file work23.txt (compact mmCIF, C-alpha atoms)
# COMPACT_ATOMS: atom_id res chain seq x y z
CA MET Y 1 26.00 26.04 -4.70
CA LYS Y 2 25.44 28.23 -1.65
CA ILE Y 3 25.95 26.92 1.87
CA TYR Y 4 22.73 28.49 3.09
CA THR Y 5 19.34 27.22 1.96
CA LYS Y 6 16.99 29.44 4.02
CA THR Y 7 14.78 26.38 4.59
CA GLY Y 8 15.42 26.53 8.33
CA ASP Y 9 14.66 30.20 8.80
CA ALA Y 10 11.25 29.45 10.33
CA GLY Y 11 12.71 27.11 12.98
CA LEU Y 12 12.19 23.83 11.14
CA THR Y 13 14.76 21.38 9.83
CA SER Y 14 14.59 18.26 7.68
CA LEU Y 15 15.37 14.84 9.00
CA TYR Y 16 17.50 12.52 6.89
CA THR Y 17 14.31 10.72 5.85
CA GLY Y 18 12.70 14.00 4.71
CA GLU Y 19 10.28 14.81 7.52
CA ARG Y 20 10.25 18.41 8.76
CA VAL Y 21 10.59 18.88 12.52
CA GLU Y 22 11.21 21.76 14.87
CA LYS Y 23 14.89 22.50 15.43
CA ASN Y 24 14.46 22.17 19.18
CA SER Y 25 12.81 18.72 19.00
CA LEU Y 26 14.33 16.03 21.20
CA ARG Y 27 15.36 14.06 18.12
CA VAL Y 28 17.37 17.00 16.78
CA GLN Y 29 18.82 17.63 20.24
CA VAL Y 30 20.08 14.03 20.39
CA TYR Y 31 21.89 14.07 17.07
CA GLY Y 32 23.08 17.61 17.80
CA ALA Y 33 24.68 16.39 21.04
CA ILE Y 34 26.30 13.51 19.13
CA ASP Y 35 27.65 16.07 16.67
CA GLU Y 36 29.09 18.05 19.62
CA ALA Y 37 30.70 14.87 20.97
CA ASP Y 38 32.24 14.28 17.54
CA SER Y 39 33.72 17.79 17.62
CA ALA Y 40 35.13 17.19 21.11
CA LEU Y 41 36.62 13.93 19.85
CA GLY Y 42 38.18 15.87 16.98
CA LEU Y 43 39.77 18.24 19.49
CA ALA Y 44 41.01 15.28 21.49
CA ARG Y 45 42.46 13.66 18.38
CA ALA Y 46 44.31 16.89 17.57
CA PHE Y 47 45.93 16.98 21.02
CA VAL Y 48 46.48 13.39 22.14
CA THR Y 49 50.07 12.22 22.27
CA VAL Y 50 49.51 8.45 22.21
CA ASP Y 51 49.32 7.22 18.62
CA ASP Y 52 46.97 4.28 19.24
CA VAL Y 53 44.56 6.59 21.10
CA ARG Y 54 44.54 8.95 18.11
CA GLU Y 55 43.77 6.02 15.81
CA LYS Y 56 40.99 4.71 18.07
CA ILE Y 57 39.39 8.16 18.25
CA PHE Y 58 39.44 8.44 14.46
CA ASN Y 59 37.89 4.99 14.07
CA VAL Y 60 35.03 5.79 16.42
CA GLN Y 61 34.50 9.18 14.75
CA LYS Y 62 33.88 7.33 11.48
CA MET Y 63 30.94 5.56 13.18
CA LEU Y 64 29.24 8.70 14.46
CA PRO Y 65 27.67 9.83 11.16
CA ARG Y 66 25.79 6.51 11.13
CA LEU Y 67 24.64 7.06 14.71
CA MET Y 68 23.47 10.59 13.87
CA ALA Y 69 21.68 9.26 10.79
CA ASP Y 70 19.81 6.77 12.97
CA PHE Y 71 18.48 9.59 15.14
CA ALA Y 72 17.81 11.80 12.09
CA SER Y 73 15.68 9.08 10.47
CA LEU Y 74 12.19 7.79 11.05
CA ASN Y 75 10.95 4.27 10.28
CA ARG Y 76 14.32 2.89 9.19
CA GLU Y 77 16.37 0.00 10.47
CA PRO Y 78 19.33 1.13 12.57
CA THR Y 79 22.75 1.38 11.01
CA ILE Y 80 24.40 1.00 14.42
CA THR Y 81 24.22 -2.68 15.27
CA ALA Y 82 24.98 -5.04 18.11
CA GLU Y 83 28.27 -5.74 16.33
CA ASP Y 84 29.22 -2.07 16.65
CA VAL Y 85 28.50 -2.23 20.37
CA GLU Y 86 30.55 -5.43 20.67
CA LYS Y 87 33.45 -3.73 18.87
CA LEU Y 88 33.53 -0.95 21.48
CA GLU Y 89 33.27 -3.51 24.27
CA SER Y 90 36.18 -5.57 22.95
CA GLU Y 91 38.26 -2.38 22.50
CA MET Y 92 37.49 -1.41 26.11
CA ASP Y 93 38.37 -4.90 27.37
CA ALA Y 94 41.70 -4.71 25.56
CA LEU Y 95 42.41 -1.24 26.96
CA ASP Y 96 41.39 -2.28 30.46
CA SER Y 97 43.90 -5.13 30.42
CA THR Y 98 46.74 -2.62 29.92
CA LEU Y 99 45.69 -0.08 32.56
CA PRO Y 100 46.30 -0.12 36.29
CA PRO Y 101 43.22 -0.68 38.46
CA LEU Y 102 41.27 2.43 39.41
CA LYS Y 103 41.71 3.34 43.05
CA GLU Y 104 40.21 6.82 43.10
CA PHE Y 105 38.17 9.25 41.04
CA ILE Y 106 40.07 10.80 38.16
CA ILE Y 107 40.18 14.56 37.93
CA PRO Y 108 40.30 15.50 34.23
CA GLY Y 109 42.97 17.76 32.85
CA ASN Y 110 46.33 16.08 33.24
CA THR Y 111 46.78 16.41 29.49
CA LYS Y 112 45.00 18.44 26.81
CA GLY Y 113 44.04 15.32 24.91
CA GLY Y 114 42.74 13.63 28.04
CA ALA Y 115 40.72 16.70 28.99
CA PHE Y 116 39.07 16.79 25.56
CA LEU Y 117 38.32 13.07 25.80
CA ASP Y 118 36.61 13.71 29.11
CA LEU Y 119 34.63 16.53 27.52
CA ALA Y 120 33.55 14.09 24.78
CA ARG Y 121 32.52 11.63 27.52
CA THR Y 122 30.27 14.16 29.23
CA ILE Y 123 28.70 15.34 25.97
CA THR Y 124 28.03 11.72 25.06
CA ARG Y 125 26.34 11.22 28.44
CA ARG Y 126 24.09 14.19 27.65
CA ALA Y 127 23.23 12.67 24.27
CA GLU Y 128 22.39 9.42 26.03
CA ARG Y 129 20.11 11.18 28.53
CA LEU Y 130 18.33 12.95 25.69
CA ALA Y 131 17.98 9.65 23.79
CA CYS Y 132 16.41 8.05 26.86
CA GLU Y 133 13.97 10.95 27.12
CA LEU Y 134 13.18 10.67 23.40
CA SER Y 135 12.56 6.93 23.74
CA LYS Y 136 9.65 7.68 26.09
CA LEU Y 137 7.94 9.58 23.27
CA GLU Y 138 9.14 7.96 20.06
CA LYS Y 139 10.79 4.79 18.87
CA VAL Y 140 14.55 4.73 19.50
CA HIS Y 141 16.59 1.74 18.45
CA ALA Y 142 18.01 -0.13 21.43
CA SER Y 143 21.36 -0.52 19.68
CA ASP Y 144 21.69 3.26 19.42
CA LYS Y 145 21.02 3.82 23.12
CA ILE Y 146 23.43 1.04 24.09
CA PHE Y 147 26.08 2.40 21.73
CA LEU Y 148 25.83 5.84 23.35
CA ASN Y 149 26.26 4.26 26.77
CA ARG Y 150 29.34 2.34 25.64
CA LEU Y 151 30.75 5.33 23.79
CA SER Y 152 30.94 7.41 26.96
CA ASP Y 153 32.72 4.54 28.71
CA TYR Y 154 35.05 4.23 25.73
CA CYS Y 155 35.95 7.93 25.95
CA PHE Y 156 36.77 7.40 29.63
CA MET Y 157 39.00 4.42 28.81
CA LEU Y 158 40.78 6.37 26.06
CA MET Y 159 41.35 9.25 28.49
CA ARG Y 160 42.91 6.84 30.98
CA ARG Y 161 45.17 5.41 28.26
CA GLU Y 162 46.19 8.89 27.12
CA GLU Y 163 47.02 10.02 30.64
CA LEU Y 164 48.88 6.86 31.68
call {"tool": "encode", "arguments": {"input": "work23.txt", "output": "structure tokens"}}
result
Amino acid sequence: MKIYTKTGDAGLTSLYTGERVEKNSLRVQVYGAIDEADSALGLARAFVTVDDVREKIFNVQKMLPRLMADFASLNREPTITAEDVEKLESEMDALDSTLPPLKEFIIPGNTKGGAFLDLARTITRRAERLACELSKLEKVHASDKIFLNRLSDYCFMLMRREEL
């Protein structure tokens, strides 16, 4: 089996549910940005020094294919649920209880792992902005938009834990 299919040579790609769309469509841009965030999280996981941060990154990375599938699908129920959002929220609450209060803005880059987590945060914010723009034109599941919002916060909390 060859890695290339040539089906995208004319600037179209297939959604998970089979529909053909332009490669620069907002929907493709959203799940492309999520894919970029996943790569940044992979970089972070390779460089973090705190074991529980590495584990938390890996666990959230396992959720991202479902999030991308939601954006790459039309007329399907979301696979990211309110329970997934609650899981991130409870993880953030637990992290927050172990961190000192914020007293100033954090400048990224104290550690390699922390810097990559901050990169993942900003890419996730871009994915969220694109998802909000898409939701003005097409149906976007609320749970997916909320998850993106929490995910960027989660990356920030993980960066703080890594750089503590």
call {"tool": "atom_distance", "arguments": {"input": "work23.txt", "atom1": "CA of Asn110 (chain Y)", "atom2": "CA of Glu163 (chain Y)"}}
result
6.6 Å
call {"tool": "closest_residue", "arguments": {"input": "work23.txt", "among": "Y:Arg66, Y:Arg150, Y:Lys56, Y:Lys112", "to": "Thr79 (chain Y)", "atoms": "all atoms listed in the file"}}
result
Y:Arg66
call {"tool": "atom_distance", "arguments": {"input": "work23.txt", "atom1": "CA of Asn75 (chain Y)", "atom2": "CA of Tyr4 (chain Y)"}}
result
27.9 Å
call {"tool": "atom_distance", "arguments": {"input": "work23.txt", "atom1": "CA of Val85 (chain Y)", "atom2": "CA of Leu137 (chain Y)"}}
result
23.9 Å
call {"tool": "closest_residue", "arguments": {"input": "work23.txt", "among": "Y:Lys6, Y:Lys139, Y:Arg76, Y:Arg161", "to": "Asp118 (chain Y)", "atoms": "all atoms listed in the file"}}
result
Y:Arg161
call {"tool": "residues_around", "arguments": {"input": "work23.txt", "residues": "Lys62 (chain Y)", "least_positions_apart": "6", "cutoff": "12 Å", "atoms": "all atoms listed in the file", "output": "PyMOL selection string"}}
result
chain Y and resi 35+38+41-42+55-56+68+80+84
call {"tool": "closest_residue", "arguments": {"input": "work23.txt", "among": "Y:Ile146, Y:Ile106, Y:Val140, Y:Cys132", "to": "Leu74 (chain Y)", "atoms": "only C-alpha atoms"}}
result
Y:Val140
call {"tool": "closest_atom_pairs", "arguments": {"input": "work23.txt", "of": "region 29-62 of chain Y", "to": "region 89-104 of chain Y", "cutoff": "12 Å", "atoms": "all atoms listed in the file", "output": "tab-separated table"}}
result
residue	atom	partner	partner_atom	distance
Y:Asp52	CA	Y:Leu95	CA	10.5
Y:Val53	CA	Y:Leu95	CA	10.0
Y:Lys56	CA	Y:Glu91	CA	8.8
Y:Ile57	CA	Y:Glu91	CA	11.4
Y:Asn59	CA	Y:Glu91	CA	11.2
Y:Val60	CA	Y:Glu91	CA	10.7
call {"tool": "residues_near_point", "arguments": {"input": "work23.txt", "point": "(21.6, 15.6, 7.9)", "cutoff": "10 Å", "atoms": "all atoms listed in the file", "output": "PyMOL selection string"}}
result
chain Y and resi 13-18+28+31+65+68-69+71-73
call {"tool": "axis_aligned_box", "arguments": {"input": "work23.txt", "around": "region 84-89 of chain Y", "padding_each_side": "5 Å", "output": "lines of an AutoDock Vina configuration file"}}
result
center_x = 31.0
center_y = -3.2
center_z = 20.5
size_x = 15.0
size_y = 14.5
size_z = 17.6
call {"tool": "closest_residue", "arguments": {"input": "work23.txt", "among": "Y:Ser152, Y:Thr5, Y:Ser143, Y:Gln29", "to": "Glu86 (chain Y)", "atoms": "only C-alpha atoms"}}
result
Y:Ser143
call {"tool": "closest_residue", "arguments": {"input": "work23.txt", "among": "Y:Thr124, Y:Ser135, Y:Ser25, Y:Ser39", "to": "Phe156 (chain Y)", "atoms": "all atoms listed in the file"}}
result
Y:Thr124
call {"tool": "residues_near_point", "arguments": {"input": "work23.txt", "point": "(25.0, 4.2, 27.1)", "cutoff": "12 Å", "atoms": "only C-alpha atoms", "output": "PDB file with C-alpha atoms, keeping the file's coordinate frame"}}
result
ATOM      1  CA  VAL Y  85      28.500  -2.230  20.370  1.00  0.00           C
ATOM      2  CA  LEU Y  88      33.530  -0.950  21.480  1.00  0.00           C
ATOM      3  CA  GLU Y  89      33.270  -3.510  24.270  1.00  0.00           C
ATOM      4  CA  ARG Y 121      32.520  11.630  27.520  1.00  0.00           C
ATOM      5  CA  THR Y 122      30.270  14.160  29.230  1.00  0.00           C
ATOM      6  CA  ILE Y 123      28.700  15.340  25.970  1.00  0.00           C
ATOM      7  CA  THR Y 124      28.030  11.720  25.060  1.00  0.00           C
ATOM      8  CA  ARG Y 125      26.340  11.220  28.440  1.00  0.00           C
ATOM      9  CA  ARG Y 126      24.090  14.190  27.650  1.00  0.00           C
ATOM     10  CA  ALA Y 127      23.230  12.670  24.270  1.00  0.00           C
ATOM     11  CA  GLU Y 128      22.390   9.420  26.030  1.00  0.00           C
ATOM     12  CA  ARG Y 129      20.110  11.180  28.530  1.00  0.00           C
ATOM     13  CA  LEU Y 130      18.330  12.950  25.690  1.00  0.00           C
ATOM     14  CA  ALA Y 131      17.980   9.650  23.790  1.00  0.00           C
ATOM     15  CA  CYS Y 132      16.410   8.050  26.860  1.00  0.00           C
ATOM     16  CA  ALA Y 142      18.010  -0.130  21.430  1.00  0.00           C
ATOM     17  CA  SER Y 143      21.360  -0.520  19.680  1.00  0.00           C
ATOM     18  CA  ASP Y 144      21.690   3.260  19.420  1.00  0.00           C
ATOM     19  CA  LYS Y 145      21.020   3.820  23.120  1.00  0.00           C
ATOM     20  CA  ILE Y 146      23.430   1.040  24.090  1.00  0.00           C
ATOM     21  CA  PHE Y 147      26.080   2.400  21.730  1.00  0.00           C
ATOM     22  CA  LEU Y 148      25.830   5.840  23.350  1.00  0.00           C
ATOM     23  CA  ASN Y 149      26.260   4.260  26.770  1.00  0.00           C
ATOM     24  CA  ARG Y 150      29.340   2.340  25.640  1.00  0.00           C
ATOM     25  CA  LEU Y 151      30.750   5.330  23.790  1.00  0.00           C
ATOM     26  CA  SER Y 152      30.940   7.410  26.960  1.00  0.00           C
ATOM     27  CA  ASP Y 153      32.720   4.540  28.710  1.00  0.00           C
ATOM     28  CA  TYR Y 154      35.050   4.230  25.730  1.00  0.00           C
ATOM     29  CA  CYS Y 155      35.950   7.930  25.950  1.00  0.00           C
TER      30      CYS Y 155
END
call {"tool": "closest_residue", "arguments": {"input": "work23.txt", "among": "Y:Leu164, Y:Val50, Y:Leu64, Y:Met159", "to": "Phe116 (chain Y)", "atoms": "only C-alpha atoms"}}
result
Y:Met159
